[in-house]
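The structure file protein_36.cif is reproduced below (mmCIF, C-alpha atoms and all ligand atoms).
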data_entry
#
loop_
_atom_site.group_PDB
_atom_site.id
_atom_site.type_symbol
_atom_site.label_atom_id
_atom_site.label_comp_id
_atom_site.auth_asym_id
_atom_site.auth_seq_id
_atom_site.Cartn_x
_atom_site.Cartn_y
_atom_site.Cartn_z
ATOM 1 C CA MET A 1 -11.636 -13.689 -0.368
ATOM 2 C CA GLN A 2 -14.260 -10.962 0.170
ATOM 3 C CA PRO A 3 -16.737 -10.143 -2.651
ATOM 4 C CA ILE A 4 -16.057 -6.748 -4.245
ATOM 5 C CA ASN A 5 -18.633 -4.147 -5.305
ATOM 6 C CA LEU A 6 -16.939 -3.155 -8.576
ATOM 7 C CA THR A 7 -18.845 0.030 -9.409
ATOM 8 C CA SER A 8 -18.267 1.888 -6.157
ATOM 9 C CA ALA A 9 -14.754 0.524 -5.695
ATOM 10 C CA LEU A 10 -13.646 1.688 -9.152
ATOM 11 C CA ALA A 11 -15.032 5.186 -8.690
ATOM 12 C CA ALA A 12 -13.289 5.718 -5.368
ATOM 13 C CA GLY A 13 -10.061 3.984 -6.301
ATOM 14 C CA LYS A 14 -8.711 6.104 -9.135
ATOM 15 C CA ASP A 15 -7.116 8.872 -7.051
ATOM 16 C CA LEU A 16 -5.848 6.372 -4.557
ATOM 17 C CA VAL A 17 -4.060 4.357 -7.225
ATOM 18 C CA ALA A 18 -2.364 7.559 -8.415
ATOM 19 C CA LYS A 19 -1.240 8.383 -4.859
ATOM 20 C CA VAL A 20 0.118 4.879 -4.289
ATOM 21 C CA GLN A 21 2.009 4.969 -7.588
ATOM 22 C CA THR A 22 3.530 8.347 -6.775
ATOM 23 C CA ALA A 23 4.516 7.370 -3.241
ATOM 24 C CA SER A 24 5.954 3.976 -4.208
ATOM 25 C CA GLY A 25 7.457 4.980 -7.531
ATOM 26 C CA VAL A 26 5.914 1.826 -9.027
ATOM 27 C CA ASP A 27 3.931 1.837 -12.259
ATOM 28 C CA VAL A 28 1.440 -0.915 -11.492
ATOM 29 C CA LYS A 29 0.448 -1.190 -15.160
ATOM 30 C CA ALA A 30 3.903 -2.633 -15.880
ATOM 31 C CA CYS A 31 3.109 -5.765 -13.859
ATOM 32 C CA TYR A 32 2.462 -8.687 -16.187
ATOM 33 C CA GLN A 33 1.045 -10.930 -13.490
ATOM 34 C CA CYS A 34 3.689 -13.636 -13.553
ATOM 35 C CA GLY A 35 3.165 -14.341 -9.840
ATOM 36 C CA LYS A 36 6.837 -14.607 -8.882
ATOM 37 C CA CYS A 37 6.242 -12.099 -6.087
ATOM 38 C CA SER A 38 3.512 -14.248 -4.538
ATOM 39 C CA ALA A 39 5.510 -17.443 -4.987
ATOM 40 C CA GLY A 40 8.357 -16.031 -2.892
ATOM 41 C CA CYS A 41 6.325 -14.151 -0.307
ATOM 42 C CA PRO A 42 6.741 -15.826 3.114
ATOM 43 C CA VAL A 43 3.355 -14.647 4.361
ATOM 44 C CA ALA A 44 1.263 -15.006 1.192
ATOM 45 C CA PHE A 45 -0.406 -18.098 2.675
ATOM 46 C CA ALA A 46 -1.997 -15.935 5.375
ATOM 47 C CA MET A 47 -2.962 -13.000 3.156
ATOM 48 C CA ASP A 48 -6.469 -12.373 1.851
ATOM 49 C CA TYR A 49 -4.881 -11.052 -1.378
ATOM 50 C CA THR A 50 -1.411 -12.119 -2.494
ATOM 51 C CA PRO A 51 1.094 -9.496 -3.727
ATOM 52 C CA ARG A 52 0.274 -10.402 -7.336
ATOM 53 C CA GLN A 53 -3.440 -9.952 -6.639
ATOM 54 C CA VAL A 54 -2.774 -6.602 -4.962
ATOM 55 C CA MET A 55 -0.950 -5.459 -8.098
ATOM 56 C CA ARG A 56 -3.823 -6.635 -10.281
ATOM 57 C CA MET A 57 -6.394 -4.901 -8.111
ATOM 58 C CA LEU A 58 -4.489 -1.639 -8.440
ATOM 59 C CA GLN A 59 -4.333 -2.079 -12.215
ATOM 60 C CA LEU A 60 -8.104 -2.391 -12.150
ATOM 61 C CA GLY A 61 -8.556 0.639 -9.890
ATOM 62 C CA LEU A 62 -9.594 -1.361 -6.841
ATOM 63 C CA ALA A 63 -7.367 0.579 -4.432
ATOM 64 C CA GLU A 64 -10.119 1.018 -1.846
ATOM 65 C CA GLU A 65 -10.292 -2.731 -1.452
ATOM 66 C CA THR A 66 -6.537 -3.074 -1.054
ATOM 67 C CA ILE A 67 -6.343 -0.564 1.809
ATOM 68 C CA LYS A 68 -9.041 -2.523 3.634
ATOM 69 C CA SER A 69 -7.146 -5.795 3.201
ATOM 70 C CA ARG A 70 -5.246 -7.804 5.808
ATOM 71 C CA ALA A 71 -2.458 -8.386 3.316
ATOM 72 C CA ILE A 72 -0.946 -4.925 3.647
ATOM 73 C CA TRP A 73 -0.577 -5.325 7.428
ATOM 74 C CA LEU A 74 0.814 -8.847 7.163
ATOM 75 C CA CYS A 75 3.544 -7.766 4.748
ATOM 76 C CA ALA A 76 6.839 -8.060 6.624
ATOM 77 C CA GLN A 77 8.721 -5.764 4.212
ATOM 78 C CA CYS A 78 11.227 -8.546 3.583
ATOM 79 C CA GLU A 79 11.486 -7.367 -0.055
ATOM 80 C CA THR A 80 11.624 -10.875 -1.518
ATOM 81 C CA CYS A 81 8.903 -9.862 -3.970
ATOM 82 C CA SER A 82 10.888 -6.828 -5.107
ATOM 83 C CA ALA A 83 14.069 -8.870 -5.526
ATOM 84 C CA ARG A 84 12.283 -11.511 -7.630
ATOM 85 C CA CYS A 85 10.164 -9.321 -9.866
ATOM 86 C CA PRO A 86 11.332 -9.781 -13.470
ATOM 87 C CA ARG A 87 9.896 -6.346 -14.317
ATOM 88 C CA SER A 88 11.970 -4.678 -11.572
ATOM 89 C CA LEU A 89 8.800 -3.457 -9.917
ATOM 90 C CA GLU A 90 8.769 -3.185 -6.151
ATOM 91 C CA PRO A 91 5.627 -4.706 -4.654
ATOM 92 C CA ALA A 92 7.142 -4.174 -1.187
ATOM 93 C CA LYS A 93 7.070 -0.410 -1.776
ATOM 94 C CA VAL A 94 3.499 -0.689 -2.999
ATOM 95 C CA MET A 95 2.544 -2.508 0.210
ATOM 96 C CA GLU A 96 4.200 0.210 2.282
ATOM 97 C CA ALA A 97 2.444 2.990 0.359
ATOM 98 C CA LEU A 98 -0.882 1.190 0.798
ATOM 99 C CA ARG A 99 -0.333 0.973 4.556
ATOM 100 C CA ILE A 100 0.301 4.703 4.737
ATOM 101 C CA GLU A 101 -2.866 5.418 2.730
ATOM 102 C CA ALA A 102 -4.820 2.959 4.881
ATOM 103 C CA LYS A 103 -3.739 4.790 8.034
ATOM 104 C CA ARG A 104 -4.701 8.118 6.487
ATOM 105 C CA ALA A 105 -8.126 6.680 5.728
ATOM 106 C CA GLY A 106 -8.485 5.513 9.330
ATOM 107 C CA PHE A 107 -7.901 1.787 8.820
ATOM 108 C CA GLU A 108 -5.684 -0.178 11.191
ATOM 109 C CA ALA A 109 -4.298 -3.686 11.420
ATOM 110 C CA ASP A 110 -6.679 -6.073 13.168
ATOM 111 C CA ASP A 111 -5.969 -6.902 16.826
ATOM 112 C CA GLU A 112 -4.103 -10.131 16.093
ATOM 113 C CA ILE A 113 -1.679 -8.496 13.647
ATOM 114 C CA ALA A 114 -1.290 -5.397 15.842
ATOM 115 C CA THR A 115 -0.414 -7.620 18.824
ATOM 116 C CA PHE A 116 2.171 -9.532 16.795
ATOM 117 C CA ASN A 117 3.734 -6.298 15.513
ATOM 118 C CA GLU A 118 3.869 -4.840 18.998
ATOM 119 C CA LYS A 119 5.545 -7.956 20.476
ATOM 120 C CA PHE A 120 7.972 -8.162 17.552
ATOM 121 C CA LEU A 121 9.045 -4.522 17.885
ATOM 122 C CA ARG A 122 9.364 -4.758 21.664
ATOM 123 C CA SER A 123 11.683 -7.745 21.232
ATOM 124 C CA VAL A 124 13.842 -5.864 18.721
ATOM 125 C CA ALA A 125 13.900 -2.779 20.952
ATOM 126 C CA SER A 126 15.202 -4.684 23.947
ATOM 127 C CA ASN A 127 17.621 -7.099 22.228
ATOM 128 C CA GLY A 128 18.549 -5.346 19.013
ATOM 129 C CA ARG A 129 17.149 -8.360 17.155
ATOM 130 C CA VAL A 130 14.099 -10.528 17.525
ATOM 131 C CA PHE A 131 14.154 -13.232 20.220
ATOM 132 C CA GLU A 132 11.896 -15.844 18.620
ATOM 133 C CA ALA A 133 11.023 -17.918 21.696
ATOM 134 C CA GLY A 134 10.100 -14.810 23.679
ATOM 135 C CA LEU A 135 8.091 -13.451 20.766
ATOM 136 C CA ILE A 136 6.122 -16.691 20.348
ATOM 137 C CA VAL A 137 5.402 -17.051 24.064
ATOM 138 C CA GLY A 138 4.437 -13.376 24.411
ATOM 139 C CA TYR A 139 2.194 -13.461 21.347
ATOM 140 C CA ASN A 140 0.487 -16.728 22.289
ATOM 141 C CA MET A 141 -0.167 -15.524 25.837
ATOM 142 C CA ALA A 142 -1.565 -12.204 24.614
ATOM 143 C CA THR A 143 -3.882 -13.957 22.157
ATOM 144 C CA VAL A 144 -4.975 -16.522 24.782
ATOM 145 C CA GLN A 145 -3.586 -19.589 23.063
ATOM 146 C CA PRO A 146 -0.670 -20.438 25.399
ATOM 147 C CA LEU A 147 -0.073 -23.978 24.108
ATOM 148 C CA LYS A 148 -0.405 -23.210 20.410
ATOM 149 C CA ASP A 149 3.221 -23.898 19.397
ATOM 150 C CA ALA A 150 4.224 -26.073 22.342
ATOM 151 C CA GLY A 151 4.299 -29.202 20.175
ATOM 152 C CA VAL A 152 7.059 -27.989 17.849
ATOM 153 C CA ALA A 153 9.264 -26.354 20.493
ATOM 154 C CA PRO A 154 11.188 -29.491 21.653
ATOM 155 C CA SER A 155 12.321 -30.500 18.152
ATOM 156 C CA MET A 156 13.255 -26.915 17.269
ATOM 157 C CA LEU A 157 15.275 -26.621 20.466
ATOM 158 C CA ALA A 158 16.966 -29.973 19.796
ATOM 159 C CA LYS A 159 17.966 -28.857 16.292
ATOM 160 C CA GLY A 160 19.242 -25.515 17.556
ATOM 161 C CA LYS A 161 16.570 -23.598 15.617
ATOM 162 C CA LEU A 162 15.248 -21.976 18.779
ATOM 163 C CA LYS A 163 17.186 -20.479 21.652
ATOM 164 C CA LEU A 164 16.004 -20.382 25.260
ATOM 165 C CA PHE A 165 17.643 -17.044 26.004
ATOM 166 C CA PRO A 166 17.965 -13.889 23.883
ATOM 167 C CA SER A 167 21.287 -12.871 22.419
ATOM 168 C CA LYS A 168 21.669 -9.135 22.479
ATOM 169 C CA ILE A 169 23.566 -7.268 19.789
ATOM 170 C CA ARG A 170 26.212 -4.638 20.407
ATOM 171 C CA GLY A 171 25.207 -1.084 19.597
ATOM 172 C CA ARG A 172 21.705 -1.313 21.016
ATOM 173 C CA ASP A 173 21.936 2.401 21.711
ATOM 174 C CA VAL A 174 21.676 2.956 17.933
ATOM 175 C CA ILE A 175 18.539 0.807 17.805
ATOM 176 C CA ASN A 176 17.109 2.723 20.761
ATOM 177 C CA ARG A 177 17.746 6.013 18.986
ATOM 178 C CA MET A 178 15.903 4.683 15.925
ATOM 179 C CA PHE A 179 12.910 3.714 18.060
ATOM 180 C CA THR A 180 12.924 7.071 19.841
ATOM 181 C CA LYS A 181 13.038 8.907 16.514
ATOM 182 C CA ALA A 182 10.224 6.767 15.056
ATOM 183 C CA GLU A 183 8.069 7.355 18.147
ATOM 184 C CA LYS A 184 8.662 11.104 17.893
ATOM 185 C CA MET A 185 7.749 11.094 14.183
ATOM 186 C CA GLU A 186 4.580 9.152 14.977
ATOM 187 C CA ALA A 187 3.644 11.600 17.757
ATOM 188 C CA ASP A 188 4.317 14.603 15.458
ATOM 189 C CA ASN A 189 2.047 13.114 12.787
ATOM 190 C CA LYS A 190 -0.921 12.691 15.133
HETATM 191 S S1 LIG B 201 6.697 -10.477 -9.827
HETATM 192 FE FE1 LIG B 201 6.457 -8.413 -10.685
HETATM 193 S S2 LIG B 201 5.559 -8.695 -12.722
HETATM 194 FE FE2 LIG B 201 5.323 -10.629 -11.603
HETATM 195 S S3 LIG B 201 3.264 -10.468 -10.669
HETATM 196 FE FE3 LIG B 201 4.702 -9.728 -9.157
HETATM 197 S S4 LIG B 201 4.820 -7.514 -9.461
HETATM 198 FE FE4 LIG B 201 3.878 -8.410 -11.282
HETATM 199 S S1 LIG B 202 7.842 -7.541 1.127
HETATM 200 FE FE1 LIG B 202 5.819 -8.145 1.878
HETATM 201 S S2 LIG B 202 4.680 -8.738 0.051
HETATM 202 FE FE2 LIG B 202 6.843 -8.717 -0.490
HETATM 203 S S3 LIG B 202 7.533 -10.817 -0.185
HETATM 204 FE FE3 LIG B 202 7.982 -9.723 1.709
HETATM 205 S S4 LIG B 202 6.190 -10.035 3.013
HETATM 206 FE FE4 LIG B 202 5.586 -10.604 0.908
#

Transcribe the structure of this file into structure tokens.
Ligand code: SF4
Ligand code: SF4
Amino acid sequence: MQPINLTSALAAGKDLVAKVQTASGVDVKACYQCGKCSAGCPVAFAMDYTPRQVMRMLQLGLAEETIKSRAIWLCAQCETCSARCPRSLEPAKVMEALRIEAKRAGFEADDEIATFNEKFLRSVASNGRVFEAGLIVGYNMATVQPLKDAGVAPSMLAKGKLKLFPSKIRGRDVINRMFTKAEKMEADNK
């Protein structure tokens, strides 16, 4: 975890917290820090700040630090945190709002995360769903670690957890329209 300069972070963070709360519809003060969101988050192990910590940082006014974090780009928007929150808060929406504010402030995902996202979306665009084996091979090649997951592949294949060829869904034209619309929205916002 990175050290935080409290004085400057607090001064800059106040407006940002208000924007994130408005955009997400989540009152971060209502979080009582039980940690159920972090316990269920499938990518918390790789985050610099867990969802619970992100909520706490926003309560403290440390929004500037959250938009510089890796956590917001690693969030897969699976919504497990939102489903499990006993206060009916939606940390997933908070993560999304933070990503939007991060982009506005000129921050981007680091190269590793951006590469993964790009490979993931390309797989969904061509198959209508993610093709895991293709995603892993593509990502490992792009990040120059071609043998990284080679050791687990045989047992996953044997157990039917990994397929050698993609299965394409019907109605890929709908998916393609979604991608086209998203690309247009992105271009219009530049
Ligand atoms: S599950 Fe809800 S109340 Fe508990 S720490 Fe996460 S956001 Fe806060
Ligand atoms: S939505 Fe994001 S933060 Fe919430 S559990 Fe899923 S990956 Fe974790």

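Each of A:Cys85, A:Ala23, A:Ile67, A:Val94 was checked against Glu108 of chain A using all atoms listed in the file; the smallest atom-to-atom distance is that of A:Ile67.
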
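Counting all atoms listed in the file, the residue from A:Ala158, A:Cys81, A:Ile175, A:Val124 that sits nearest to ligand LIG 201 (chain B) is A:Cys81.
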
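You will find atom CA of Trp73 of chain A at 24.0 Å from atom CA of Tyr32 of chain A.
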
Return as a CSV table (one decimal) with C-alpha atoms, keeping the file's coordinate frame the set of residues that the PyMOL selection byres (((chain A and resi 75) around 10) and not hetatm) yields on the displayed structure.
chain,number,residue,atom,x,y,z
A,41,CYS,CA,6.3,-14.2,-0.3
A,42,PRO,CA,6.7,-15.8,3.1
A,43,VAL,CA,3.4,-14.6,4.4
A,44,ALA,CA,1.3,-15.0,1.2
A,46,ALA,CA,-2.0,-15.9,5.4
A,47,MET,CA,-3.0,-13.0,3.2
A,50,THR,CA,-1.4,-12.1,-2.5
A,51,PRO,CA,1.1,-9.5,-3.7
A,70,ARG,CA,-5.2,-7.8,5.8
A,71,ALA,CA,-2.5,-8.4,3.3
A,72,ILE,CA,-0.9,-4.9,3.6
A,73,TRP,CA,-0.6,-5.3,7.4
A,74,LEU,CA,0.8,-8.8,7.2
A,76,ALA,CA,6.8,-8.1,6.6
A,77,GLN,CA,8.7,-5.8,4.2
A,78,CYS,CA,11.2,-8.5,3.6
A,79,GLU,CA,11.5,-7.4,-0.1
A,92,ALA,CA,7.1,-4.2,-1.2
A,95,MET,CA,2.5,-2.5,0.2
A,96,GLU,CA,4.2,0.2,2.3
A,99,ARG,CA,-0.3,1.0,4.6

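In terms of minimum interatomic distance to Gly25 of chain A, A:Ser88 ranks closest within A:Gln59, A:Ser88, A:Ser167, A:Gln53, counting only C-alpha atoms.
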
Residues within 9 Å of ligand LIG 201 (chain B), counting all atoms listed in the file, as a PDB file with C-alpha atoms, in the frame of the given file:
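Result written to result.pdb:
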ATOM      1  CA  VAL A  28       1.440  -0.915 -11.492  1.00  0.00           C
ATOM      2  CA  LYS A  29       0.448  -1.190 -15.160  1.00  0.00           C
ATOM      3  CA  ALA A  30       3.903  -2.633 -15.880  1.00  0.00           C
ATOM      4  CA  CYS A  31       3.109  -5.765 -13.859  1.00  0.00           C
ATOM      5  CA  TYR A  32       2.462  -8.687 -16.187  1.00  0.00           C
ATOM      6  CA  GLN A  33       1.045 -10.930 -13.490  1.00  0.00           C
ATOM      7  CA  CYS A  34       3.689 -13.636 -13.553  1.00  0.00           C
ATOM      8  CA  GLY A  35       3.165 -14.341  -9.840  1.00  0.00           C
ATOM      9  CA  LYS A  36       6.837 -14.607  -8.882  1.00  0.00           C
ATOM     10  CA  CYS A  37       6.242 -12.099  -6.087  1.00  0.00           C
ATOM     11  CA  SER A  38       3.512 -14.248  -4.538  1.00  0.00           C
ATOM     12  CA  ALA A  39       5.510 -17.443  -4.987  1.00  0.00           C
ATOM     13  CA  PRO A  51       1.094  -9.496  -3.727  1.00  0.00           C
ATOM     14  CA  ARG A  52       0.274 -10.402  -7.336  1.00  0.00           C
ATOM     15  CA  GLN A  53      -3.440  -9.952  -6.639  1.00  0.00           C
ATOM     16  CA  VAL A  54      -2.774  -6.602  -4.962  1.00  0.00           C
ATOM     17  CA  MET A  55      -0.950  -5.459  -8.098  1.00  0.00           C
ATOM     18  CA  ARG A  56      -3.823  -6.635 -10.281  1.00  0.00           C
ATOM     19  CA  CYS A  81       8.903  -9.862  -3.970  1.00  0.00           C
ATOM     20  CA  SER A  82      10.888  -6.828  -5.107  1.00  0.00           C
ATOM     21  CA  ALA A  83      14.069  -8.870  -5.526  1.00  0.00           C
ATOM     22  CA  ARG A  84      12.283 -11.511  -7.630  1.00  0.00           C
ATOM     23  CA  CYS A  85      10.164  -9.321  -9.866  1.00  0.00           C
ATOM     24  CA  PRO A  86      11.332  -9.781 -13.470  1.00  0.00           C
ATOM     25  CA  ARG A  87       9.896  -6.346 -14.317  1.00  0.00           C
ATOM     26  CA  SER A  88      11.970  -4.678 -11.572  1.00  0.00           C
ATOM     27  CA  LEU A  89       8.800  -3.457  -9.917  1.00  0.00           C
ATOM     28  CA  GLU A  90       8.769  -3.185  -6.151  1.00  0.00           C
ATOM     29  CA  PRO A  91       5.627  -4.706  -4.654  1.00  0.00           C
TER      30      PRO A  91
END

Once the PyMOL selection byres (((chain A and resi 171) around 12) and not hetatm) has been applied to the shown file, what residues remain in the selection, as a ChimeraX atom specification? /A:125-129,168-170,172-178

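With only C-alpha atoms as the atoms that count, the minimum distance from Asp111 of chain A to the choices A:Thr180, A:Thr143, A:Asn189, A:Ser69 is reached by A:Thr143.
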
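Going from atom CA of Ile136 of chain A to atom CA of Phe45 of chain A covers 18.9 Å.
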
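Between atom S2 of ligand LIG 202 (chain B) and atom CA of Met156 of chain A lies a distance of 26.5 Å.
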
Of the listed residues A:Phe116, A:Tyr49, A:Phe179, A:Phe131, that which approaches ligand LIG 202 (chain B) most closely, counting only C-alpha atoms and all ligand atoms: A:Tyr49

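Residue nearest Leu62 of chain A, chosen from A:Lys159, A:Lys14, A:Lys93, A:Arg122 and counting only C-alpha atoms: A:Lys14.
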
Hey, what's within 9 Å of Lys119 of chain A if we count all atoms listed in the file and toss same-chain stuff fewer than 6 positions away? As a list in words, please? Gly134, Leu135, Ile136, Gly138 and Tyr139 of chain A

Near Leu162 of chain A, within 8 Å and counting all atoms listed in the file, which residues show up once chain neighbours fewer than 2 positions away are dropped, as number ranges by chain? A: 132-133, 153, 156-157, 159-160, 164
